[in-house]
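*Asks:* First the structure, which I've put down as structure tokens, then a few questions once you've had a look.
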Amino acid sequence: MKKVTGFFSREKTVLGVYLLAALVVAIQHYAGGKSHYNNFVIFQQSFFHLMEGADLYTEYPSEYFDLFLYHPSFCILFVPFALLPTFFGLLFWQLFCAWLLYFAIGSLPIPYRAKLFFWWFVLAELVTSLHNQQTNPVITALGLLTYSALENNRVRQAALFPVLAFCIKAYGLVFALLFLFYPGKIRFIKYSLLWGLALTLLPLPVTGWEGLPDVYRDWYACLVRDHEVNYGYSVMGIAHLFFPSLHPADVGIIQVCGVALLGVTVLVQGRAGLRAGPAAASFPMLGYLLLWVILFNHAAESPTYIIAVAGVAVWYLCQPPGSARLTYIIMGLVLLFTQLSPTDLFPLSWRRQFFEPYLVKVVPCLLVWLVYQVQILRGTIRSAAPEV
């Protein structure tokens, strides 16, 4: 038993499992045909559409279904994968997503046993995200790397990671809020502006000065259209279940309330940071942001929950003494109904007729966020990860 435990406690084992999962998923979807790796095709073709001067945000039914919804600079960032033959591009994209999340967790300044828990706890949700070839593991990793860089006083890198996340999905910029808990705020803002300018101009060699404004105008119009029709796997989606007449405009009201709660949380954690140091405030805040950015995201989908589940892992590591029973119950609910509800553990009929339409996946993470919010406001959250 000790040999088995020791084997699964090694970093090389964890990395091997992450990469093996990515390899198996990539082969499985490529073998299933183009419709099984549709999201990768969307990312791949976006670069060629940009090269042709075509509208990135319109439908291309002969190439793929759904729409490209990402920042224009993502087309350039994806070039290393887009230019490879499709199988190798898909394979290396999946391997990169798995490796980057593994690396980001490993970079956290927390005890090794806490990292080990983190790696294994998010694995099932990572596999769900890999099955959809989306960017969510990368965004999760960039959030974690922002915290690690700030803790190690690497301001230049810390400023880069949220801007990179923004250049994939706009909501990734929320991780920049962590800079509020550290010294060197002016330097962080300066570097953020420089990185933002550089990455905004990234498509310039392809579009030219004349085409660049058009690309960003199309992107903004796409974001507006997307906001009008979505409720998402989110607080707004849950509200829509109870109030079917909920108007899309009400989504904005709920999100404004969410922003207000975020502001209050930042202030409360800021005071905690003044008393006990930046890490006392920023590590719990990291987990809160990972959850908040999904639960108040009108475009959240099942594969985006790798971000929220990473937030759950941080919440668990911040639990105060004496809360073990409640914590274990909640973690069991997250594992069973958030992470495993999309899998074959449950019959297909349950998933299609109950889990998906009733957003069962959202509920455990929403419960974690509510408990998190109360613990932060009451000042009972632990400030750093213990040995687990």
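If you're wondering about the labels, chains in the structure tokens are A, B, ... by order shown, residues count from 1 in each chain, ligands from 1 in order shown.
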Given only C-alpha atoms, how would the per-residue table for region 251-323 of chain A near region 142-165 of chain A read, listing every residue at most 12 Å away with its closest atom pair and distance in Å to one decimal, sorted by chain and number, as a Markdown table?
*Replies:*
```
| residue | atom | partner | partner_atom | distance |
| --- | --- | --- | --- | --- |
| A:Gly277 | CA | A:Glu151 | CA | 10.9 |
| A:Pro278 | CA | A:Glu151 | CA | 8.2 |
| A:Ala279 | CA | A:Glu151 | CA | 7.3 |
| A:Ala280 | CA | A:Glu151 | CA | 11.1 |
| A:Ala281 | CA | A:Tyr147 | CA | 11.3 |
| A:Ser282 | CA | A:Tyr147 | CA | 7.5 |
| A:Phe283 | CA | A:Tyr147 | CA | 7.5 |
| A:Pro284 | CA | A:Tyr147 | CA | 10.7 |
| A:Met285 | CA | A:Tyr147 | CA | 9.6 |
| A:Leu286 | CA | A:Tyr147 | CA | 7.1 |
| A:Gly287 | CA | A:Leu144 | CA | 9.2 |
| A:Tyr288 | CA | A:Gly143 | CA | 11.4 |
| A:Leu289 | CA | A:Gly143 | CA | 8.8 |
| A:Leu290 | CA | A:Gly143 | CA | 7.7 |
| A:Leu291 | CA | A:Gly143 | CA | 11.5 |
| A:Val293 | CA | A:Gly143 | CA | 10.9 |
| A:Ile306 | CA | A:Gly143 | CA | 11.9 |
| A:Ile307 | CA | A:Gly143 | CA | 8.9 |
| A:Ala308 | CA | A:Gly143 | CA | 11.4 |
| A:Ala310 | CA | A:Leu144 | CA | 9.1 |
| A:Gly311 | CA | A:Leu144 | CA | 9.9 |
| A:Ala313 | CA | A:Leu144 | CA | 11.8 |
| A:Val314 | CA | A:Leu144 | CA | 10.2 |
```
*Asks:* Could you pull out the residues in region 106-208 of chain A that DSSP calls alpha helix (DSSP H) from the backbone, as a VMD selection string?
*Replies:* chain A and resid 106 to 107 112 to 121 123 to 130 136 to 151 155 to 166 185 to 200 204 to 208
*Asks:* So that I can check the surroundings of Ser62 (chain A), please list as a PyMOL selection string every protein, DNA and RNA residue that reaches within 12 Å of it, counting only C-alpha atoms and ignoring chain neighbours fewer than 6 positions away.
*Replies:* chain A and resi 34-35+38+41-42+45
*Asks:* Work out how far CA of Val4 (chain A) is from CA of Phe118 (chain A), in Å to one decimal.
*Replies:*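 Those two atoms sit 18.6 Å apart.
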*Asks:* Could you please determine the separation between CA of Val312 (chain A) and CA of Gln134 (chain A) in Å, to one decimal place?
*Replies:*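 We find that CA of Val312 (chain A) and CA of Gln134 (chain A) lie 20.2 Å from each other.
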*Asks:* If I take CA of Leu267 (chain A) and CA of Met236 (chain A), how far is one from the other in Å, to one decimal?
*Replies:* 24.6 Å
*Asks:* Residues at most 8 Å from Lys115 (chain A), counting only C-alpha atoms, excluding those fewer than 4 positions away in the same chain, as a VMD selection string?
*Replies:* chain A and resid 105 to 106 108 110 to 111 119
*Asks:* Could those residues be written to a file, using N, CA and C atoms, as a PDB file, in the first residue's frame?
*Replies:*
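Saved file again.pdb follows:
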```
ATOM      1  N   ILE A 105       0.064  24.728 -11.192  1.00  0.00           N
ATOM      2  CA  ILE A 105      -0.199  24.229  -9.836  1.00  0.00           C
ATOM      3  C   ILE A 105       1.114  23.994  -9.108  1.00  0.00           C
ATOM      4  N   GLY A 106       2.077  23.424  -9.814  1.00  0.00           N
ATOM      5  CA  GLY A 106       3.386  23.183  -9.216  1.00  0.00           C
ATOM      6  C   GLY A 106       4.112  24.453  -8.823  1.00  0.00           C
ATOM      7  N   LEU A 108       2.780  27.071  -7.408  1.00  0.00           N
ATOM      8  CA  LEU A 108       2.172  27.728  -6.256  1.00  0.00           C
ATOM      9  C   LEU A 108       3.067  27.592  -5.028  1.00  0.00           C
ATOM     10  N   ILE A 110       2.934  26.755  -2.033  1.00  0.00           N
ATOM     11  CA  ILE A 110       2.190  26.039  -1.001  1.00  0.00           C
ATOM     12  C   ILE A 110       2.910  24.717  -0.744  1.00  0.00           C
ATOM     13  N   PRO A 111       2.649  24.042   0.373  1.00  0.00           N
ATOM     14  CA  PRO A 111       3.330  22.766   0.658  1.00  0.00           C
ATOM     15  C   PRO A 111       3.095  21.732  -0.438  1.00  0.00           C
ATOM     16  N   TRP A 119      -3.451  18.812  -7.702  1.00  0.00           N
ATOM     17  CA  TRP A 119      -3.271  18.113  -8.989  1.00  0.00           C
ATOM     18  C   TRP A 119      -4.313  17.023  -9.187  1.00  0.00           C
TER      19      TRP A 119
END
```
